[in-house]
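Trainee: File my_file.cif follows (mmCIF, C-alpha atoms):
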data_input
loop_
_atom_site.label_atom_id
_atom_site.label_comp_id
_atom_site.auth_asym_id
_atom_site.auth_seq_id
_atom_site.Cartn_x
_atom_site.Cartn_y
_atom_site.Cartn_z
CA MET D 1 -41.99 11.46 51.65
CA PRO D 2 -44.82 10.76 54.07
CA LYS D 3 -47.59 13.29 54.57
CA ALA D 4 -47.72 15.32 57.75
CA LYS D 5 -50.04 13.96 60.39
CA GLY D 6 -53.55 15.38 60.21
CA LYS D 7 -53.20 16.75 56.67
CA THR D 8 -55.28 14.07 54.95
CA ARG D 9 -59.00 14.72 54.53
CA ARG D 10 -61.70 12.12 54.54
CA GLN D 11 -63.45 11.68 51.17
CA LYS D 12 -67.04 12.89 51.35
CA TYR D 13 -69.78 11.79 49.01
CA GLY D 14 -70.90 14.61 46.68
CA TYR D 15 -74.68 14.51 46.82
CA ASN D 16 -75.07 17.43 44.44
CA VAL D 17 -73.12 15.74 41.60
CA ASN D 18 -75.13 14.19 38.78
CA ARG D 19 -73.46 10.78 38.44
CA LYS D 20 -75.30 9.93 35.21
CA ARG D 21 -73.97 13.02 33.45
CA LEU D 22 -70.51 12.49 34.93
CA ASN D 23 -70.31 8.92 33.59
CA ARG D 24 -71.68 9.94 30.19
CA ASN D 25 -69.06 12.69 29.83
CA ALA D 26 -66.31 10.31 30.92
CA ARG D 27 -67.45 7.78 28.31
CA ARG D 28 -67.54 10.48 25.64
CA LYS D 29 -63.99 11.54 26.46
CA ALA D 30 -62.78 7.95 26.49
CA ALA D 31 -64.20 7.30 23.00
CA PRO D 32 -63.63 10.45 20.94
CA ARG D 33 -65.93 11.31 18.05
CA ILE D 34 -64.82 9.97 14.67
CA GLU D 35 -64.94 12.81 12.15
CA CYS D 36 -65.13 10.70 8.99
CA SER D 37 -68.79 9.73 8.51
CA HIS D 38 -67.97 6.59 6.47
CA ILE D 39 -65.80 5.14 9.21
CA ARG D 40 -68.14 6.31 11.99
CA HIS D 41 -71.15 4.47 10.53
CA ALA D 42 -69.20 1.23 10.06
CA TRP D 43 -67.57 1.37 13.51
CA ASP D 44 -68.29 -1.46 15.97
CA HIS D 45 -67.83 -0.27 19.57
CA THR D 46 -67.46 -3.80 20.89
CA LYS D 47 -64.23 -4.34 18.91
CA SER D 48 -60.79 -2.79 19.23
CA VAL D 49 -59.49 -0.08 16.93
CA ARG D 50 -57.19 -2.53 15.15
CA GLN D 51 -60.03 -5.03 14.55
CA ASN D 52 -62.37 -2.29 13.26
CA LEU D 53 -59.81 -0.91 10.84
CA ALA D 54 -58.84 -4.41 9.63
CA GLU D 55 -62.50 -5.18 8.89
CA MET D 56 -62.76 -1.99 6.86
CA GLY D 57 -59.58 -2.74 4.93
CA LEU D 58 -57.66 0.14 6.50
CA ALA D 59 -54.26 0.01 8.19
CA MET D 60 -53.63 0.81 11.83
CA ASP D 61 -49.90 1.29 11.30
CA PRO D 62 -48.80 2.37 7.80
CA ASN D 63 -45.25 1.19 8.48
CA LYS D 64 -46.45 -2.38 8.98
CA ALA D 65 -48.98 -2.24 6.14
CA VAL D 66 -46.37 -1.21 3.56
CA PRO D 67 -42.99 -2.35 4.88
CA LEU D 68 -39.77 -1.02 3.42
CA ARG D 69 -37.79 -3.45 1.29
CA LYS D 70 -34.49 -4.66 2.65
CA ARG D 71 -31.53 -3.35 0.69
CA LYS D 72 -29.52 -6.54 0.98
CA VAL D 73 -31.17 -9.60 -0.49
CA LYS D 74 -29.92 -12.89 0.82
CA ALA D 75 -29.13 -15.42 -1.89
CA MET D 76 -30.26 -18.41 0.19
CA GLU D 77 -33.84 -17.23 0.65
CA VAL D 78 -35.82 -18.62 -2.25
CA ASP D 79 -39.37 -18.58 -0.99
CA THR D 80 -40.70 -15.76 1.12
CA GLU D 81 -43.67 -16.28 3.36
CA GLU D 82 -46.38 -13.67 3.15
CA ARG D 83 -48.52 -13.24 6.18
CA PRO D 84 -52.18 -13.99 5.60
CA LYS D 85 -54.29 -10.99 4.69
CA ASP D 86 -57.02 -10.02 7.12
CA LEU D 87 -60.53 -10.61 5.92
CA VAL D 88 -62.15 -7.36 4.77
CA ARG D 89 -65.77 -7.58 5.88
CA LYS D 90 -66.67 -3.96 5.13
CA PRO D 91 -65.13 -3.09 1.75
CA TYR D 92 -67.74 -0.41 1.12
CA VAL D 93 -65.90 1.91 3.53
CA VAL D 94 -62.73 1.91 1.42
CA ASN D 95 -64.81 2.26 -1.77
CA ASP D 96 -66.63 5.29 -0.32
CA LEU D 97 -63.37 6.88 0.81
CA GLU D 98 -61.79 6.33 -2.63
CA ALA D 99 -64.85 7.79 -4.37
CA GLU D 100 -64.77 10.84 -2.11
CA ALA D 101 -61.03 11.31 -2.68
CA SER D 102 -61.43 11.09 -6.46
CA LEU D 103 -63.90 14.00 -6.56
CA PRO D 104 -62.40 17.25 -7.87
CA GLU D 105 -61.37 19.72 -5.22
CA LYS D 106 -63.70 22.66 -4.77
CA LYS D 107 -62.18 26.03 -5.46
CA GLY D 108 -62.26 27.69 -2.07
CA ASN D 109 -60.24 30.80 -2.90
CA THR D 110 -62.24 33.89 -3.73
CA LEU D 111 -61.38 37.54 -3.95
CA SER D 112 -62.90 40.13 -1.68
CA ARG D 113 -65.76 42.26 -2.96
CA ASP D 114 -63.68 45.40 -2.35
CA LEU D 115 -60.83 44.16 -4.55
CA ILE D 116 -63.25 43.22 -7.36
CA ASP D 117 -64.89 46.65 -7.24
CA TYR D 118 -61.47 48.35 -7.13
CA VAL D 119 -60.21 46.47 -10.20
CA ARG D 120 -63.41 47.12 -12.15
CA TYR D 121 -63.35 50.83 -11.33
CA MET D 122 -59.70 51.19 -12.34
CA VAL D 123 -60.17 49.38 -15.64
CA GLU D 124 -63.37 51.33 -16.42
CA SER D 125 -61.71 54.66 -15.65
CA HIS D 126 -58.24 54.19 -17.11
CA GLY D 127 -58.25 51.14 -19.39
CA GLU D 128 -54.67 49.84 -19.64
CA ASP D 129 -52.94 52.97 -18.25
CA TYR D 130 -51.45 51.67 -15.00
CA LYS D 131 -49.59 54.91 -14.21
CA ALA D 132 -52.87 56.82 -14.27
CA MET D 133 -54.40 54.16 -12.04
CA ALA D 134 -51.57 54.66 -9.54
CA ARG D 135 -52.31 58.40 -9.45
CA ASP D 136 -56.08 57.89 -9.09
CA GLU D 137 -57.69 59.22 -5.90
CA LYS D 138 -59.38 55.86 -5.24
CA ASN D 139 -55.97 54.20 -4.95
CA TYR D 140 -56.23 54.35 -1.14
CA TYR D 141 -53.41 51.89 -0.46
CA GLN D 142 -51.07 53.76 -2.81
CA ASP D 143 -50.41 50.73 -4.97
CA THR D 144 -47.67 51.08 -7.58
CA PRO D 145 -48.54 50.52 -11.26
CA LYS D 146 -47.01 47.05 -11.10
CA GLN D 147 -49.07 46.12 -8.00
CA ILE D 148 -52.26 47.29 -9.71
CA ARG D 149 -51.40 45.26 -12.82
CA ASN D 150 -50.86 42.19 -10.64
CA LYS D 151 -54.24 42.70 -8.93
CA ILE D 152 -55.94 42.94 -12.32
CA ASN D 153 -54.18 39.76 -13.47
CA VAL D 154 -55.31 37.96 -10.32
CA TYR D 155 -58.88 39.03 -11.03
CA LYS D 156 -58.56 37.78 -14.62
CA ARG D 157 -57.24 34.43 -13.39
CA PHE D 158 -59.91 33.92 -10.71
CA TYR D 159 -62.91 35.03 -12.76
CA PRO D 160 -62.14 34.51 -16.46
CA THR D 161 -65.78 34.42 -17.60
CA GLU D 162 -66.70 37.56 -15.64
CA TRP D 163 -63.61 39.32 -16.99
CA GLN D 164 -64.58 38.37 -20.55
CA ALA D 165 -68.09 39.76 -20.11
CA PHE D 166 -66.74 42.90 -18.42
CA SER D 167 -64.21 43.60 -21.17
CA GLU D 168 -66.89 43.06 -23.85
CA SER D 169 -69.21 45.52 -22.09
CA LEU D 170 -66.37 48.06 -22.04
CA GLN D 171 -65.83 47.52 -25.79
CA ASN D 172 -69.55 48.09 -26.40
CA LYS D 173 -69.47 51.34 -24.38
CA LYS D 174 -66.43 52.50 -26.35
CA MET D 175 -68.21 51.72 -29.66
CA GLU D 176 -71.29 53.68 -28.56
CA ILE D 177 -69.18 56.71 -27.57
CA ASP D 178 -67.31 56.71 -30.91
#
Give the structure from the file, written as structure tokens.
Mentor:
Amino acid sequence: MPKAKGKTRRQKYGYNVNRKRLNRNARRKAAPRIECSHIRHAWDHTKSVRQNLAEMGLAMDPNKAVPLRKRKVKAMEVDTEERPKDLVRKPYVVNDLEAEASLPEKKGNTLSRDLIDYVRYMVESHGEDYKAMARDEKNYYQDTPKQIRNKINVYKRFYPTEWQAFSESLQNKKMEID
């Protein structure tokens, strides 16, 4: 549908716009930042994405890199032609990625300081008596005996060495009292 007459405005030059910054931001949006440092350092901005990944020994499309086998095999086909492999000019990228992937995963899960203090207090005060722990005045969340036992087991699983030292210190206190 054509525009109504007189509704189009003439484009005016924006004198107050910083063209250098505008172009730089447009370039930055066009080429997003590569998060992986190994790939980022080996990246060649003059080449396409497919060429860069082929030089590093990585696949652009995993479906083409590892094709599915055909279920029916034709009896007449004796020799199969394999397409020539691309030349890997930067094998250190794949080696670095494999080395980084083979490192053991860091244990990121930790318990809150409040939960640790709660478990220690309950065990110090009541030992193995979970019903007494449930009736304790510091049981603010009104945990049942089973919930308290589960929290103590979680603490044992997360910090086995600390639990061992804590239980030994409790044994020593009990020996001193007796």
Trainee: Take the point (-60.1, 51.2, -12.2) in the file's coordinates, draw a sphere of radius 12 Å around it, and report as a ChimeraX atom specification every protein, DNA or RNA residue with an atom inside or on it, counting all atoms listed in the file.
Mentor: /D:114-139,145,148-149,151-152
Trainee: Expand the PyMOL selection byres ((chain D and resi 47-54) around 10) into the individual residues it matches in the shown file, reporting them as a PyMOL selection string.
Mentor: chain D and resi 39+42-46+55-61+85-90+93
Trainee: Between atom CA of D:Tyr155 and atom CA of D:Leu111, what is the distance in Å, rounded to a tenth?
Mentor: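 For atom CA of D:Tyr155 relative to atom CA of D:Leu111, the distance reads 7.7 Å.
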Trainee: Can you tell me how far atom CA of D:Glu35 sits from atom CA of D:Leu22, in Å to one decimal?
Mentor: 23.5 Å
Trainee: Rank D:His38, D:Arg71, D:Asn153, D:Lys146 by their smallest atom-to-atom distance to D:Asn95, using all atoms listed in the file, and report the top residue only.
Mentor: D:His38
Trainee: If you measure from atom CA of D:Glu162 to atom CA of D:Ser112, what distance in Å do you get, rounded to one decimal?
Mentor: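 We find that atom CA of D:Glu162 and atom CA of D:Ser112 lie 14.7 Å from each other.
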Trainee: Between D:Val94, D:Glu176, D:Arg24, D:Trp163, which residue has the minimum interatomic distance to D:Cys36, considering all atoms listed in the file?
Mentor: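 Nearest to D:Cys36: D:Val94.
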Trainee: The centre and edge lengths of an axis-aligned box containing all atoms of stretch 124-140 of chain D present in the file, extended by 8 Å on each side, are to be given in Å to one decimal, as JSON.
Mentor:
{"center_x": -56.5, "center_y": 54.5, "center_z": -10.4, "size_x": 29.8, "size_y": 25.4, "size_z": 34.5}
